[in-house]
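Chemist: Contents are mmCIF, C-alpha atoms and all ligand atoms; file name run_34.cif:
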data_run
#
loop_
_atom_site.label_atom_id
_atom_site.label_comp_id
_atom_site.auth_asym_id
_atom_site.auth_seq_id
_atom_site.Cartn_x
_atom_site.Cartn_y
_atom_site.Cartn_z
CA MET Z 62 14.71 164.00 51.67
CA MET Z 63 16.77 165.81 49.02
CA THR Z 64 14.33 164.98 46.27
CA MET Z 65 13.99 168.50 44.91
CA ASP Z 66 15.89 169.56 41.83
CA SER Z 67 18.07 172.59 42.43
CA ASP Z 68 15.93 174.79 40.18
CA THR Z 69 13.03 174.61 42.63
CA ILE Z 70 13.39 176.81 45.69
CA LEU Z 71 10.03 176.06 47.31
CA ARG Z 72 7.90 172.96 46.93
CA GLY Z 73 4.50 172.17 48.41
CA ARG Z 74 2.81 168.78 48.31
CA GLY Z 75 -0.69 168.03 49.53
CA VAL Z 76 -0.74 171.28 51.51
CA SER Z 77 -4.02 171.43 53.43
CA LYS Z 78 -5.42 173.61 56.19
CA GLN Z 79 -8.58 173.10 58.18
CA PHE Z 80 -9.90 175.83 60.51
CA ARG Z 81 -12.44 174.00 62.65
CA GLY Z 82 -15.27 173.26 60.20
CA LEU Z 83 -13.72 175.18 57.29
CA ARG Z 84 -11.37 173.51 54.84
CA ALA Z 85 -9.39 176.63 53.87
CA LEU Z 86 -6.86 174.81 51.66
CA SER Z 87 -7.07 171.35 50.07
CA ASP Z 88 -4.11 169.45 48.63
CA ILE Z 89 -2.29 172.45 47.20
CA GLU Z 90 0.80 171.62 45.11
CA PHE Z 91 3.40 174.13 43.99
CA ASP Z 92 6.96 174.30 42.70
CA ILE Z 93 8.49 177.76 42.68
CA PRO Z 94 11.41 178.04 40.24
CA ARG Z 95 14.51 179.62 41.74
CA GLY Z 96 15.11 183.14 40.43
CA SER Z 97 11.55 183.59 39.17
CA ILE Z 98 8.73 185.96 39.98
CA CYS Z 99 5.50 184.00 40.45
CA GLY Z 100 1.96 185.14 41.14
CA LEU Z 101 -0.75 183.78 43.41
CA ILE Z 102 -4.28 184.88 42.58
CA GLY Z 103 -7.82 183.94 43.48
CA PRO Z 104 -11.09 185.55 44.56
CA ASN Z 105 -11.52 186.97 48.07
CA GLY Z 106 -11.34 184.26 50.71
CA ALA Z 107 -9.73 181.76 48.30
CA GLY Z 108 -6.96 180.96 50.77
CA LYS Z 109 -4.01 183.00 49.45
CA SER Z 110 -3.00 184.60 52.74
CA THR Z 111 -3.56 181.29 54.50
CA LEU Z 112 -1.06 179.64 52.13
CA PHE Z 113 1.56 182.30 52.90
CA ASN Z 114 0.77 181.89 56.60
CA LEU Z 115 1.47 178.15 56.32
CA ILE Z 116 4.73 178.67 54.41
CA THR Z 117 5.99 181.19 56.97
CA GLY Z 118 4.94 179.05 59.94
CA TYR Z 119 2.18 181.29 61.33
CA TYR Z 120 -0.16 178.34 61.24
CA PRO Z 121 0.64 174.64 61.33
CA LEU Z 122 -0.41 172.61 58.28
CA THR Z 123 -3.28 170.18 58.80
CA SER Z 124 -1.52 167.86 56.33
CA GLY Z 125 1.06 168.00 53.56
CA THR Z 126 4.69 169.07 53.28
CA ILE Z 127 6.61 172.21 52.36
CA GLU Z 128 10.28 172.04 51.35
CA PHE Z 129 12.63 175.00 51.03
CA ASN Z 130 15.93 174.30 49.28
CA GLY Z 131 15.22 170.60 49.60
CA ALA Z 132 14.58 170.52 53.35
CA ARG Z 133 11.24 170.27 55.15
CA ILE Z 134 10.19 173.56 56.78
CA ASP Z 135 6.63 172.70 57.79
CA GLY Z 136 6.57 172.60 61.57
CA LEU Z 137 9.39 175.13 62.01
CA ALA Z 138 8.81 178.35 63.97
CA THR Z 139 8.33 181.63 62.07
CA THR Z 140 11.63 183.07 63.35
CA ARG Z 141 13.50 179.98 62.15
CA ILE Z 142 11.85 180.20 58.72
CA SER Z 143 12.88 183.85 58.47
CA ARG Z 144 16.45 183.00 59.48
CA ILE Z 145 16.81 180.32 56.83
CA GLY Z 146 15.82 182.78 54.12
CA ILE Z 147 12.08 183.28 53.59
CA GLY Z 148 11.04 186.92 53.92
CA ARG Z 149 7.53 188.29 53.98
CA ALA Z 150 6.03 191.65 53.13
CA PHE Z 151 2.62 192.00 54.73
CA GLN Z 152 -0.58 193.23 53.13
CA ILE Z 153 -1.09 195.71 55.95
CA ALA Z 154 2.18 197.53 56.49
CA LYS Z 155 2.84 198.34 60.11
CA PRO Z 156 6.02 200.40 60.25
CA PHE Z 157 7.11 202.13 63.44
CA PRO Z 158 5.55 205.54 62.69
CA ASP Z 159 7.99 207.66 64.69
CA MET Z 160 11.05 205.96 63.26
CA THR Z 161 12.68 207.05 60.03
CA VAL Z 162 12.64 205.01 56.85
CA TYR Z 163 16.28 204.08 57.53
CA GLU Z 164 15.51 202.93 61.06
CA ASN Z 165 12.49 200.88 59.96
CA VAL Z 166 14.48 199.09 57.26
CA ARG Z 167 17.27 198.53 59.79
CA VAL Z 168 14.85 196.50 61.93
CA GLY Z 169 14.54 194.06 59.03
CA ALA Z 170 18.32 193.92 58.61
CA LEU Z 171 18.81 193.11 62.29
CA PHE Z 172 16.32 190.25 62.28
CA GLY Z 173 16.84 188.53 58.97
CA ARG Z 174 18.72 185.59 57.61
CA GLU Z 175 21.57 184.12 59.57
CA GLY Z 176 25.14 184.93 58.61
CA GLN Z 177 27.60 187.76 58.33
CA ARG Z 178 26.31 191.11 57.25
CA ASP Z 179 27.14 194.77 57.25
CA VAL Z 180 23.87 196.22 58.55
CA LYS Z 181 24.39 199.70 57.08
CA GLU Z 182 25.17 198.26 53.67
CA VAL Z 183 22.15 195.92 53.78
CA VAL Z 184 19.83 198.79 54.73
CA GLU Z 185 21.21 201.06 52.03
CA GLN Z 186 20.92 198.36 49.40
CA ALA Z 187 17.31 197.59 50.38
CA MET Z 188 16.35 201.28 50.29
CA ASN Z 189 18.11 201.70 46.98
CA LEU Z 190 16.35 198.69 45.40
CA MET Z 191 12.99 200.07 46.51
CA GLY Z 192 13.73 203.65 45.44
CA LEU Z 193 13.57 204.97 49.00
CA SER Z 194 17.11 206.33 49.49
CA HIS Z 195 16.01 209.96 49.16
CA LEU Z 196 13.45 209.41 51.96
CA ALA Z 197 15.90 207.71 54.36
CA GLN Z 198 15.56 210.33 57.09
CA ARG Z 199 11.81 210.87 56.75
CA LYS Z 200 9.55 209.55 59.49
CA ALA Z 201 7.38 206.64 58.38
CA SER Z 202 4.30 208.57 59.55
CA SER Z 203 4.94 211.22 56.87
CA LEU Z 204 5.04 208.81 53.90
CA THR Z 205 2.50 208.47 51.09
CA VAL Z 206 0.71 205.14 50.61
CA GLY Z 207 3.04 204.34 47.72
CA SER Z 208 6.17 204.93 49.79
CA LEU Z 209 4.71 203.02 52.75
CA ARG Z 210 4.23 199.96 50.53
CA LYS Z 211 7.80 200.27 49.32
CA LEU Z 212 8.96 200.55 52.92
CA GLU Z 213 7.16 197.33 53.81
CA VAL Z 214 8.88 195.51 50.94
CA ALA Z 215 12.24 197.16 51.77
CA ARG Z 216 11.96 195.94 55.37
CA ALA Z 217 11.40 192.40 54.10
CA VAL Z 218 14.23 192.73 51.53
CA ALA Z 219 16.57 193.84 54.33
CA THR Z 220 16.10 190.44 55.98
CA ARG Z 221 18.11 189.24 52.94
CA PRO Z 222 15.66 186.53 51.91
CA GLU Z 223 16.33 183.98 49.20
CA LEU Z 224 12.56 183.88 48.73
CA LEU Z 225 10.33 186.90 49.26
CA LEU Z 226 6.60 186.37 49.80
CA ALA Z 227 4.81 189.63 49.06
CA ASP Z 228 1.15 189.92 50.05
CA GLU Z 229 -0.58 192.46 47.79
CA PRO Z 230 2.28 194.91 47.37
CA CYS Z 231 0.22 196.99 44.92
CA ALA Z 232 -2.95 197.27 47.06
CA GLY Z 233 -4.20 200.84 47.17
CA LEU Z 234 -1.62 202.11 44.68
CA ASN Z 235 -2.44 204.21 41.61
CA GLY Z 236 -1.23 203.27 38.12
CA THR Z 237 2.09 205.10 38.39
CA GLU Z 238 2.84 203.73 41.85
CA THR Z 239 1.89 200.21 40.72
CA ALA Z 240 4.29 200.46 37.77
CA GLU Z 241 7.05 201.64 40.14
CA MET Z 242 6.40 198.75 42.53
CA ILE Z 243 6.60 196.27 39.64
CA GLU Z 244 9.96 197.76 38.62
CA CYS Z 245 11.20 197.53 42.21
CA LEU Z 246 10.16 193.87 42.51
CA ARG Z 247 11.98 193.12 39.25
CA ARG Z 248 15.12 194.72 40.68
CA VAL Z 249 14.77 192.62 43.84
CA ARG Z 250 14.53 189.50 41.67
CA ASP Z 251 17.45 190.62 39.49
CA GLN Z 252 19.74 190.78 42.50
CA GLY Z 253 18.97 187.15 43.29
CA THR Z 254 15.77 186.93 45.34
CA THR Z 255 12.94 184.70 44.14
CA VAL Z 256 9.60 186.52 44.50
CA TRP Z 257 6.12 185.06 44.99
CA LEU Z 258 3.37 187.62 45.20
CA VAL Z 259 -0.32 187.65 45.98
CA GLU Z 260 -1.92 190.38 43.94
CA HIS Z 261 -5.44 191.46 43.07
CA ASP Z 262 -4.25 193.87 40.39
CA MET Z 263 -4.45 191.51 37.42
CA ARG Z 264 -2.56 193.70 35.02
CA ALA Z 265 0.30 193.99 37.52
CA VAL Z 266 0.50 190.31 38.38
CA MET Z 267 0.23 189.17 34.78
CA SER Z 268 2.90 191.62 33.61
CA ILE Z 269 5.48 190.57 36.16
CA SER Z 270 4.92 186.84 36.72
CA GLU Z 271 6.58 183.98 34.94
CA ARG Z 272 4.13 181.50 36.44
CA VAL Z 273 0.75 182.15 38.05
CA PHE Z 274 -1.04 179.90 40.54
CA VAL Z 275 -4.80 180.27 40.88
CA ILE Z 276 -6.73 179.10 43.89
CA ASP Z 277 -10.46 179.23 44.40
CA ALA Z 278 -12.24 178.14 47.57
CA GLY Z 279 -9.09 176.46 48.85
CA THR Z 280 -8.33 174.42 45.73
CA LYS Z 281 -5.72 175.08 43.06
CA ILE Z 282 -7.69 175.41 39.84
CA ALA Z 283 -4.93 176.44 37.44
CA GLU Z 284 -1.21 177.05 37.11
CA GLY Z 285 0.81 178.33 34.19
CA ALA Z 286 2.14 181.23 32.17
CA PRO Z 287 0.04 184.42 32.40
CA ASP Z 288 -1.26 184.21 28.82
CA VAL Z 289 -2.52 180.69 29.45
CA ILE Z 290 -4.07 181.61 32.81
CA VAL Z 291 -6.12 184.56 31.53
CA ASN Z 292 -7.72 182.32 28.91
CA ASP Z 293 -8.38 179.36 31.21
CA PRO Z 294 -12.15 178.76 31.43
CA ARG Z 295 -11.93 177.66 35.10
CA VAL Z 296 -10.14 180.87 36.01
CA ILE Z 297 -12.64 183.00 34.11
CA ALA Z 298 -15.51 181.17 35.79
CA ALA Z 299 -13.98 181.64 39.24
CA TYR Z 300 -13.65 185.34 38.67
CA LEU Z 301 -17.02 185.94 37.05
CA GLY Z 302 -18.67 185.53 40.41
CA ALA Z 303 -16.22 187.90 42.07
CA GLU Z 304 -14.34 190.42 39.98
CA PRO Z 305 -13.24 190.54 36.34
CA VAL Z 306 -9.88 189.25 35.16
CA ALA Z 307 -7.78 192.06 33.58
N1 LIG Z 401 -7.30 182.13 61.57
C1 LIG Z 401 -8.40 181.75 60.92
N2 LIG Z 401 -9.40 181.12 61.54
C2 LIG Z 401 -10.50 180.71 60.86
N3 LIG Z 401 -10.71 180.91 59.54
C3 LIG Z 401 -9.73 181.53 58.87
C4 LIG Z 401 -8.54 181.99 59.50
N4 LIG Z 401 -7.74 182.60 58.55
C5 LIG Z 401 -8.44 182.51 57.40
N5 LIG Z 401 -9.60 181.89 57.58
C6 LIG Z 401 -10.61 181.58 56.54
O1 LIG Z 401 -9.96 180.87 55.51
C7 LIG Z 401 -10.47 181.26 54.24
C8 LIG Z 401 -9.33 181.77 53.38
O2 LIG Z 401 -8.92 183.05 53.88
P1 LIG Z 401 -7.66 183.83 53.30
O3 LIG Z 401 -7.50 185.07 54.12
O4 LIG Z 401 -6.51 182.93 53.20
O5 LIG Z 401 -8.16 184.22 51.84
P2 LIG Z 401 -7.49 185.18 50.78
O6 LIG Z 401 -7.49 184.45 49.49
O7 LIG Z 401 -6.18 185.66 51.29
O8 LIG Z 401 -8.54 186.38 50.73
P3 LIG Z 401 -8.36 187.94 50.42
O9 LIG Z 401 -8.08 188.05 48.96
O10 LIG Z 401 -9.70 188.49 50.78
O11 LIG Z 401 -7.24 188.45 51.29
C9 LIG Z 401 -11.54 182.30 54.49
O12 LIG Z 401 -12.80 181.65 54.50
C10 LIG Z 401 -11.19 182.82 55.87
O13 LIG Z 401 -12.32 183.29 56.55
#
Rewrite the structure of this file - the entire thing - as structure tokens.
Ligand SMILES: Nc1ncnc2c1ncn2[C@@H]1O[C@H](COP(=O)(O)OP(=O)(O)OP(=O)(O)O)[C@@H](O)[C@H]1O

Modeler:
Amino acid sequence: MMTMDSDTILRGRGVSKQFRGLRALSDIEFDIPRGSICGLIGPNGAGKSTLFNLITGYYPLTSGTIEFNGARIDGLATTRISRIGIGRAFQIAKPFPDMTVYENVRVGALFGREGQRDVKEVVEQAMNLMGLSHLAQRKASSLTVGSLRKLEVARAVATRPELLLADEPCAGLNGTETAEMIECLRRVRDQGTTVWLVEHDMRAVMSISERVFVIDAGTKIAEGAPDVIVNDPRVIAAYLGAEPVA
């Protein structure tokens, strides 16, 4: 089973998902290098969220395997997958509105990866990484969209993941907020967390990613460095029907 080299944190082979009559993902392969930031892009409905839902155990795979640190995780429950070190920041942030930023991030710290931890320290580090420390005592309901997105990522970071899956962390953000989010995600990576993000903002995803995976209609059509991806004719064709690249 330990076939994975130690530089790969997450590996998918033949990952497929069928929803009744719809083949949402077909034979997807991926190797996520440990310590990297990778991107996952594709037109609307391509299957990006479905792939993250398979990795985190929200849906069972129809076929294929997913290995994390060399061990199979397909078939494990979502809570187990979180405890072994895969965190997720959702596209639609749902913080507890009447709780403070500190309290919301603390929820992540209480439920994350197994092992010893100092909850206060974990919360403070997550807020600090995401530039939220000055808002610690503010209620979530009073935050701007930009700060809410940071809170969602901070909550996931507080679970102390080895791998963070971030679903559209820049959605709805303006240029300045997007740049801040990119900086925050770099800091998260720099302190040892591998990051894989789904992102529609092409400039953002291309500026931050070491490797980009492109799926279209459930099939991986390209994978590589950002400068190769933006010039790939299959990627350009996939986007011409939907929205422009860059
Ligand atoms: N639970 C489900 N039951 C049935 N079909 C589903 C389910 N979840 C997703 N799908 C379908 O699978 C396909 C892929 O959807 P998915 O949400 O993964 O795409 P996406 O790439 O994340 O899109 P977007 O960029 O719009 O978020 C779509 O056709 C969608 O309707």

Chemist: Determine the nearest neighbour of Z:Thr161 from the options Z:Val184, Z:Ile269, Z:Leu137, Z:Leu196, counting all atoms listed in the file.

Modeler: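 For Z:Thr161, the nearest of the candidates is Z:Leu196.
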
Chemist: Name the closest residue to ligand LIG 401 (chain Z) among the candidates Z:Lys78, Z:Arg210, Z:Lys181, Z:Arg272; distances are taken between atoms, counting all atoms listed in the file.

Modeler: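 Closest candidate: Z:Lys78.
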
Chemist: Kindly assemble as CSV a list of the chain Z residues that lie within 9 Å of ligand LIG 401 (chain Z), each paired with its nearest atom pair and their distance in Å to one decimal, using all atoms listed in the file, sorted first by chain and then by ascending residue number.

Modeler:
residue,atom,partner,partner_atom,distance
Z:Lys78,CA,Z:LIG401,O1,8.6
Z:Gln79,CA,Z:LIG401,N3,8.2
Z:Phe80,CA,Z:LIG401,C2,4.9
Z:Arg81,CA,Z:LIG401,C2,7.2
Z:Gly82,CA,Z:LIG401,C2,8.9
Z:Leu83,CA,Z:LIG401,N3,6.9
Z:Arg84,CA,Z:LIG401,O1,7.5
Z:Ala85,CA,Z:LIG401,O1,4.6
Z:Leu86,CA,Z:LIG401,C8,7.6
Z:Ile102,CA,Z:LIG401,O6,7.6
Z:Gly103,CA,Z:LIG401,O6,6.0
Z:Pro104,CA,Z:LIG401,O9,5.9
Z:Asn105,CA,Z:LIG401,O10,3.6
Z:Gly106,CA,Z:LIG401,O5,3.4
Z:Ala107,CA,Z:LIG401,O6,3.7
Z:Gly108,CA,Z:LIG401,O4,3.2
Z:Lys109,CA,Z:LIG401,O6,3.8
Z:Ser110,CA,Z:LIG401,O7,3.7
Z:Thr111,CA,Z:LIG401,O4,3.6
Z:Leu112,CA,Z:LIG401,O4,6.5
Z:Phe113,CA,Z:LIG401,O4,8.1
Z:Asn114,CA,Z:LIG401,O4,8.1
Z:Tyr120,CA,Z:LIG401,N1,8.1
Z:Gln152,CA,Z:LIG401,O11,8.4
Z:Asp228,CA,Z:LIG401,O7,8.6
Z:Glu229,CA,Z:LIG401,O11,8.5
Z:Val259,CA,Z:LIG401,O7,8.2
Z:Glu260,CA,Z:LIG401,O9,8.3
Z:His261,CA,Z:LIG401,O9,7.3
Z:Ile276,CA,Z:LIG401,O6,7.8
Z:Asp277,CA,Z:LIG401,O6,7.9
Z:Ala278,CA,Z:LIG401,C8,7.4
Z:Gly279,CA,Z:LIG401,C8,7.0

Chemist: Taking only C-alpha atoms into account, which of Z:Leu224, Z:Leu204, Z:Leu71, Z:Val166 comes nearest Z:Val249?

Modeler: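 Nearest candidate to Z:Val249 out of Z:Leu224, Z:Leu204, Z:Leu71, Z:Val166: Z:Leu224.
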
Chemist: Using all atoms listed in the file, can you tell me which of Z:Tyr119, Z:Trp257, Z:Tyr163, Z:Phe151 comes closest to Z:Ile98?

Modeler: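 Among the listed residues, the smallest separation from Z:Ile98 belongs to Z:Trp257.
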
Chemist: Every residue with an atom at most 12 Å from (14.1, 201.7, 59.2) (file coordinates; all atoms listed in the file) is what I'm after, so could you write them as JSON, numbers by chain?

Modeler: {"Z": [155, 156, 157, 158, 159, 160, 161, 162, 163, 164, 165, 166, 167, 168, 169, 170, 171, 180, 181, 183, 184, 185, 187, 188, 193, 194, 196, 197, 198, 199, 200, 201, 202, 209, 211, 212, 213, 214, 215, 216, 217, 218, 219, 220]}

Chemist: Take the residues that were just selected and, keeping C-alpha atoms, output them as a compact mmCIF listing (two decimals), keeping the file's coordinate frame.

Modeler:
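Contents of the output file result37.txt:
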# COMPACT_ATOMS: atom_id res chain seq x y z
CA LYS Z 155 2.84 198.34 60.11
CA PRO Z 156 6.02 200.40 60.25
CA PHE Z 157 7.11 202.13 63.44
CA PRO Z 158 5.55 205.54 62.69
CA ASP Z 159 7.99 207.66 64.69
CA MET Z 160 11.05 205.96 63.26
CA THR Z 161 12.68 207.05 60.03
CA VAL Z 162 12.64 205.01 56.85
CA TYR Z 163 16.28 204.08 57.53
CA GLU Z 164 15.51 202.93 61.06
CA ASN Z 165 12.49 200.88 59.96
CA VAL Z 166 14.48 199.09 57.26
CA ARG Z 167 17.27 198.53 59.79
CA VAL Z 168 14.85 196.50 61.93
CA GLY Z 169 14.54 194.06 59.03
CA ALA Z 170 18.32 193.92 58.61
CA LEU Z 171 18.81 193.11 62.29
CA VAL Z 180 23.87 196.22 58.55
CA LYS Z 181 24.39 199.70 57.08
CA VAL Z 183 22.15 195.92 53.78
CA VAL Z 184 19.83 198.79 54.73
CA GLU Z 185 21.21 201.06 52.03
CA ALA Z 187 17.31 197.59 50.38
CA MET Z 188 16.35 201.28 50.29
CA LEU Z 193 13.57 204.97 49.00
CA SER Z 194 17.11 206.33 49.49
CA LEU Z 196 13.45 209.41 51.96
CA ALA Z 197 15.90 207.71 54.36
CA GLN Z 198 15.56 210.33 57.09
CA ARG Z 199 11.81 210.87 56.75
CA LYS Z 200 9.55 209.55 59.49
CA ALA Z 201 7.38 206.64 58.38
CA SER Z 202 4.30 208.57 59.55
CA LEU Z 209 4.71 203.02 52.75
CA LYS Z 211 7.80 200.27 49.32
CA LEU Z 212 8.96 200.55 52.92
CA GLU Z 213 7.16 197.33 53.81
CA VAL Z 214 8.88 195.51 50.94
CA ALA Z 215 12.24 197.16 51.77
CA ARG Z 216 11.96 195.94 55.37
CA ALA Z 217 11.40 192.40 54.10
CA VAL Z 218 14.23 192.73 51.53
CA ALA Z 219 16.57 193.84 54.33
CA THR Z 220 16.10 190.44 55.98

Chemist: Please determine an axis-aligned box that encloses all atoms of stretch 192-208 of chain Z listed in the file, with 8 Å added on each side, and express its centre and edge lengths in Å to one decimal as JSON.

Modeler:
{"center_x": 8.9, "center_y": 207.4, "center_z": 52.5, "size_x": 32.4, "size_y": 23.6, "size_z": 30.1}

Chemist: Go through Z:Ile142, Z:Gln252, Z:Val289, Z:Arg149 one by one, measure the shortest atom-to-atom distance of each to Z:Gln186 using only C-alpha atoms, and give the residue with the smallest value.

Modeler: Z:Gln252

Chemist: Between atom CA of Z:Asp68 and atom CA of Z:Ile127, what is the distance in Å, rounded to a tenth?

Modeler: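 Result for atom CA of Z:Asp68 versus atom CA of Z:Ile127: 15.6 Å, one decimal.
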
Chemist: Skipping near chain neighbours, those fewer than 4 positions away, what residues fall within 12 Å of Z:Asp251 using only C-alpha atoms, listed as a ChimeraX atom specification?

Modeler: /Z:95-98,190,223,244-247,255-256

Chemist: Could you state the separation of atom CA of Z:Val275 and atom CA of Z:Gly75 in Å, given to one decimal place?

Modeler: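 Spanning atom CA of Z:Val275 to atom CA of Z:Gly75 is a straight-line distance of 15.5 Å.
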
Chemist: Between atom CA of Z:Ala232 and atom CA of Z:Ala265, what distance in Å does the model show, to one decimal?

Modeler: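 Here the two named atoms are 10.6 Å from each other.
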
Chemist: Closest to Z:Gly136 among Z:Cys231, Z:Ala283, Z:Met191, Z:Leu115, using all atoms listed in the file?

Modeler: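 Of Z:Cys231, Z:Ala283, Z:Met191, Z:Leu115, the one nearest Z:Gly136, counting all atoms listed in the file, is Z:Leu115.
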
Chemist: Counting all atoms listed in the file, what is within 9 Å of Z:Asp88, bar same-chain residues fewer than 3 positions away, as a ChimeraX atom specification?

Modeler: /Z:74-78,124-125,279-281

Chemist: If I put a ball of radius 9 Å at (1.8, 174.8, 42.5) in the file's coordinates, which residues poke into it when counting only C-alpha atoms, written as a CSV table (one decimal) with C-alpha atoms, in the coordinates of the input?

Modeler:
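Output contents, as saved in out35.csv:
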chain,number,residue,atom,x,y,z
Z,72,ARG,CA,7.9,173.0,46.9
Z,73,GLY,CA,4.5,172.2,48.4
Z,74,ARG,CA,2.8,168.8,48.3
Z,89,ILE,CA,-2.3,172.4,47.2
Z,90,GLU,CA,0.8,171.6,45.1
Z,91,PHE,CA,3.4,174.1,44.0
Z,92,ASP,CA,7.0,174.3,42.7
Z,93,ILE,CA,8.5,177.8,42.7
Z,273,VAL,CA,0.8,182.2,38.0
Z,274,PHE,CA,-1.0,179.9,40.5
Z,275,VAL,CA,-4.8,180.3,40.9
Z,281,LYS,CA,-5.7,175.1,43.1
Z,283,ALA,CA,-4.9,176.4,37.4
Z,284,GLU,CA,-1.2,177.0,37.1
